[in-house]
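Visitor: Let me begin by handing over the structure; questions about it come next.
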Amino acid sequence: MEKDLAIYDYRKEKEKNNYGYIIDEKLKGNFDKFSVRTKEAGFVDCYIYRPIDYIYDHDLPIVINLHGGGFVLGYCEQDGIYCQSIADNCHCAVINIDYCLAPEFKYPSAIYSTYDVILEIKKRAEDMQLNPGKISILGHSAGASIACSLSLLDKELNKIDFTSMVLDYPIVDLEEFIVTKSHATERLTQYVEWYLTDLKKAKEPLASQINDDLSLLPETFMLSAEYDPLRKQEEEFVTKAVNAGSTVFYKMYENCHHGFTHKWFKEFNSEKSEMAWNDISTFFSRTFEKE
């Protein structure tokens with residue numbers, strides 16, 4: 001469709017801004033790479049970051065990382081330095097999954113293919129000196145939406161049993177953008193149109209997680225930015241989840257915008273970013289210590 005073809009011009013604009021850190025991470029990142037073939041999306045690449053001082057002496061807890069990008073942009077390298085930081089601070093392995101993108105792979109392809117990738121990681125875990133019984137998940141923006149969908153899917157399939165989950169300024173209500181179409185969310189609305197085959201699917205729980213039963217979530221930490229247009233839906237999600245009996249910790253970072261955690265973005269806030277990443281590491285370290 002014509003509207004889908006517009007993604008290529010949009011990605012071209014982004015390439016000009018992102019090539020620097022992508023090259024830097026490819027050359028200097030301390031990761032191993034492997035691929036998993038999936039039915040939904042073909043080969044999906046995974047980048048595993050271990051602690052710098054790790055000597056393969058015992059199995060590491062696993063954190064699955066899913067980058068942001070409105071479901072349509074790649075650039076998993078934007079998370080590389082942060083994956084390494086969490087690996088070092090929490091003494092765990094962080095697996096940065098370069099999940100499939102829309103509009104080439106429409107909803108729910110990224111969700112189901114990523115779920116299959118995590119199942120394969122769990123299967124291979126012992127061979128990679130990883131702990132298959134401690135798998136947590138971290139997502140940013142659209143990646144956080146996918147992360148949340150994975151936790152909801154696993155409630156039904158019960159094959160992974162996530163230890164904990166961190167949602168960094170997640171999109172949890174796609175339906176809102178279809179209904180309101182406000183100027184503040186104009187770009188988000190375009191992302192949704194690229195992502196979905198049919199806008200009516202926005203109400204489905206795996207697309208708008210706030211519409212699902214939010215009981216029995218993994219222990220969760222949600223980060224939100226004061227001036228993010230997503231903040232209201234995030235707060236509503238937390239309220240619904242807590243009322244349903246889930247354990248969800250919520251923190252709103254003042255004077256911040258969507259994207260404040262990443263140094264590559266114009267919304268970056270160095271002070272609050274450092275605070276946020278410390279909070280994320282503290283949360284994971286604490287949940288890893290639980291039996």
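FYI, nothing fancy with the structure tokens labels: chains A, B, ... in order, residues from 1 per chain, ligands from 1 as they appear.
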Could you pull out the alpha helix (DSSP H) residues of region 10-133 of chain A from DSSP and send them as a PyMOL selection string?
Guide: chain A and resi 10-28+80-90+109-124
Visitor: Near Tyr112 (chain A), within 12 Å and counting only C-alpha atoms, which residues show up once chain neighbours fewer than 5 positions away are dropped, as a list in words?
Guide: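 Non-adjacent residues within range: Thr38, Lys39, Glu40, Ala41, Gly42, Val44, Tyr99, Cys100, Phe105, Lys106, Tyr107, Val117, Ile118, Leu119, Ile146, Ala147, Ser149, Leu150, Ser151, Leu152, Leu153, Asp154, Leu157 and Leu206 of chain A.
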Visitor: Residues of region 238-269 of chain A that approach region 21-35 of chain A to 12 Å or less, counting only C-alpha atoms: could you list each one with the shortest pair of atoms and its distance in Å to one decimal, rows by chain and increasing residue number, as CSV?
Guide:
```
residue,atom,partner,partner_atom,distance
A:His262,CA,A:Tyr21,CA,11.6
A:Lys263,CA,A:Tyr21,CA,10.1
A:Trp264,CA,A:Tyr21,CA,7.8
A:Phe265,CA,A:Tyr21,CA,11.3
```
Visitor: Please list as an MDAnalysis selection string every residue within 10 Å of Ile137 (chain A), counting only C-alpha atoms and excluding residues in the same chain fewer than 6 positions away.
Guide: chainID A and resid 62:66 94:95 144 147:148 150:151 162:167 218 220 284
Visitor: Can I get the selection written as a PDB file, in the first residue's frame, with N, CA, C and O atoms?
Guide:
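Saved result, again-v2.pdb, follows:
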```pdb
ATOM      1  N   ILE A  62      19.287 -13.878  32.724  1.00  0.00           N
ATOM      2  CA  ILE A  62      19.105 -13.324  31.385  1.00  0.00           C
ATOM      3  C   ILE A  62      18.162 -12.128  31.419  1.00  0.00           C
ATOM      4  O   ILE A  62      17.105 -12.183  32.050  1.00  0.00           O
ATOM      5  N   VAL A  63      18.552 -11.062  30.731  1.00  0.00           N
ATOM      6  CA  VAL A  63      17.645  -9.947  30.472  1.00  0.00           C
ATOM      7  C   VAL A  63      17.487  -9.835  28.958  1.00  0.00           C
ATOM      8  O   VAL A  63      18.470  -9.678  28.232  1.00  0.00           O
ATOM      9  N   ILE A  64      16.270  -9.942  28.497  1.00  0.00           N
ATOM     10  CA  ILE A  64      15.959  -9.726  27.078  1.00  0.00           C
ATOM     11  C   ILE A  64      15.718  -8.233  26.885  1.00  0.00           C
ATOM     12  O   ILE A  64      14.907  -7.630  27.584  1.00  0.00           O
ATOM     13  N   ASN A  65      16.419  -7.613  25.932  1.00  0.00           N
ATOM     14  CA  ASN A  65      16.242  -6.187  25.654  1.00  0.00           C
ATOM     15  C   ASN A  65      15.605  -5.982  24.284  1.00  0.00           C
ATOM     16  O   ASN A  65      16.023  -6.581  23.297  1.00  0.00           O
ATOM     17  N   LEU A  66      14.586  -5.100  24.255  1.00  0.00           N
ATOM     18  CA  LEU A  66      13.898  -4.769  23.009  1.00  0.00           C
ATOM     19  C   LEU A  66      13.939  -3.262  22.811  1.00  0.00           C
ATOM     20  O   LEU A  66      13.375  -2.497  23.606  1.00  0.00           O
ATOM     21  N   VAL A  94      22.714  -9.787  28.943  1.00  0.00           N
ATOM     22  CA  VAL A  94      21.648  -9.020  28.296  1.00  0.00           C
ATOM     23  C   VAL A  94      21.641  -9.399  26.819  1.00  0.00           C
ATOM     24  O   VAL A  94      22.654  -9.260  26.131  1.00  0.00           O
ATOM     25  N   ILE A  95      20.506  -9.879  26.342  1.00  0.00           N
ATOM     26  CA  ILE A  95      20.381 -10.291  24.951  1.00  0.00           C
ATOM     27  C   ILE A  95      19.516  -9.274  24.219  1.00  0.00           C
ATOM     28  O   ILE A  95      18.323  -9.146  24.469  1.00  0.00           O
ATOM     29  N   ALA A 144       8.956  -1.687  24.532  1.00  0.00           N
ATOM     30  CA  ALA A 144       8.296  -1.954  25.808  1.00  0.00           C
ATOM     31  C   ALA A 144       6.881  -2.464  25.583  1.00  0.00           C
ATOM     32  O   ALA A 144       6.381  -3.304  26.336  1.00  0.00           O
ATOM     33  N   ALA A 147       7.380  -6.010  24.747  1.00  0.00           N
ATOM     34  CA  ALA A 147       7.756  -6.716  25.968  1.00  0.00           C
ATOM     35  C   ALA A 147       6.525  -7.029  26.811  1.00  0.00           C
ATOM     36  O   ALA A 147       6.359  -8.148  27.320  1.00  0.00           O
ATOM     37  N   CYS A 148       5.662  -6.052  26.961  1.00  0.00           N
ATOM     38  CA  CYS A 148       4.449  -6.253  27.745  1.00  0.00           C
ATOM     39  C   CYS A 148       3.548  -7.294  27.078  1.00  0.00           C
ATOM     40  O   CYS A 148       2.977  -8.160  27.755  1.00  0.00           O
ATOM     41  N   LEU A 150       4.530  -9.754  25.281  1.00  0.00           N
ATOM     42  CA  LEU A 150       5.158 -11.058  25.499  1.00  0.00           C
ATOM     43  C   LEU A 150       4.814 -11.613  26.874  1.00  0.00           C
ATOM     44  O   LEU A 150       4.579 -12.813  27.027  1.00  0.00           O
ATOM     45  N   SER A 151       4.772 -10.742  27.860  1.00  0.00           N
ATOM     46  CA  SER A 151       4.420 -11.207  29.206  1.00  0.00           C
ATOM     47  C   SER A 151       2.962 -11.653  29.255  1.00  0.00           C
ATOM     48  O   SER A 151       2.621 -12.627  29.936  1.00  0.00           O
ATOM     49  N   PHE A 162       8.562 -15.278  32.946  1.00  0.00           N
ATOM     50  CA  PHE A 162       9.464 -14.155  33.148  1.00  0.00           C
ATOM     51  C   PHE A 162       9.642 -13.844  34.637  1.00  0.00           C
ATOM     52  O   PHE A 162       8.671 -13.767  35.383  1.00  0.00           O
ATOM     53  N   THR A 163      10.885 -13.650  35.038  1.00  0.00           N
ATOM     54  CA  THR A 163      11.204 -13.308  36.422  1.00  0.00           C
ATOM     55  C   THR A 163      10.737 -11.901  36.760  1.00  0.00           C
ATOM     56  O   THR A 163      10.173 -11.652  37.830  1.00  0.00           O
ATOM     57  N   SER A 164      10.980 -10.959  35.839  1.00  0.00           N
ATOM     58  CA  SER A 164      10.604  -9.564  36.069  1.00  0.00           C
ATOM     59  C   SER A 164      10.551  -8.846  34.729  1.00  0.00           C
ATOM     60  O   SER A 164      10.996  -9.374  33.707  1.00  0.00           O
ATOM     61  N   MET A 165      10.029  -7.612  34.770  1.00  0.00           N
ATOM     62  CA  MET A 165       9.862  -6.855  33.533  1.00  0.00           C
ATOM     63  C   MET A 165      10.056  -5.372  33.810  1.00  0.00           C
ATOM     64  O   MET A 165       9.561  -4.839  34.809  1.00  0.00           O
ATOM     65  N   VAL A 166      10.786  -4.700  32.905  1.00  0.00           N
ATOM     66  CA  VAL A 166      10.940  -3.249  32.960  1.00  0.00           C
ATOM     67  C   VAL A 166      10.375  -2.653  31.682  1.00  0.00           C
ATOM     68  O   VAL A 166      10.754  -3.055  30.572  1.00  0.00           O
ATOM     69  N   LEU A 167       9.469  -1.693  31.849  1.00  0.00           N
ATOM     70  CA  LEU A 167       8.838  -1.010  30.719  1.00  0.00           C
ATOM     71  C   LEU A 167       9.260   0.450  30.756  1.00  0.00           C
ATOM     72  O   LEU A 167       8.847   1.204  31.644  1.00  0.00           O
ATOM     73  N   PRO A 218       4.518 -10.394  35.565  1.00  0.00           N
ATOM     74  CA  PRO A 218       5.777 -10.501  36.293  1.00  0.00           C
ATOM     75  C   PRO A 218       5.978  -9.227  37.124  1.00  0.00           C
ATOM     76  O   PRO A 218       5.392  -8.185  36.809  1.00  0.00           O
ATOM     77  N   THR A 220       7.028  -5.867  37.993  1.00  0.00           N
ATOM     78  CA  THR A 220       7.244  -4.888  36.925  1.00  0.00           C
ATOM     79  C   THR A 220       7.675  -3.529  37.465  1.00  0.00           C
ATOM     80  O   THR A 220       7.202  -3.077  38.510  1.00  0.00           O
ATOM     81  N   PHE A 284      16.550  -4.925  38.654  1.00  0.00           N
ATOM     82  CA  PHE A 284      16.911  -6.264  38.173  1.00  0.00           C
ATOM     83  C   PHE A 284      17.755  -7.011  39.207  1.00  0.00           C
ATOM     84  O   PHE A 284      17.531  -8.196  39.447  1.00  0.00           O
TER      85      PHE A 284
END
```
Visitor: Could you pull out the strand (DSSP E or B) residues of region 20-227 of chain A, going by DSSP on the backbone, and write them as a VMD selection string?
Guide: chain A and resid 31 to 38 42 to 49 60 to 66 93 to 98 130 to 140 164 to 168 219 to 225
Visitor: Which residue, A:His58, A:Lys159, A:His91, A:Lys14, has the smallest gap to Met128 (chain A) when you use only C-alpha atoms?
Guide: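 Of A:His58, A:Lys159, A:His91, A:Lys14, the one nearest Met128 (chain A) is A:His58, counting only C-alpha atoms.
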Visitor: Excluding Ser273 (chain A) and residues on its chain fewer than 4 positions from it, collect all residues at most 9 Å away from it, counting only C-alpha atoms, and give them as a ChimeraX atom specification.
Guide: /A:260-263,268-269,277-278
Visitor: Quick one: residues within 10 Å of Lys3 (chain A), only C-alpha atoms, excluding same-chain residues fewer than 2 positions away - as number ranges by chain?
Guide: A: 1, 5-7, 103, 190, 193-194
Visitor: So which one's closest to Ala125 (chain A), A:Pro170, A:Pro61, A:Gly80, A:Gly143? Using only C-alpha atoms, please.
Guide: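 Checking each candidate against Ala125 (chain A), we get A:Pro61 as the closest.
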Visitor: Restricting the calculation to only C-alpha atoms, which member of A:Met222, A:Leu73, A:Val192, A:Cys90 is positioned closest to Asn18 (chain A)?
Guide: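 Nearest to Asn18 (chain A): A:Leu73.
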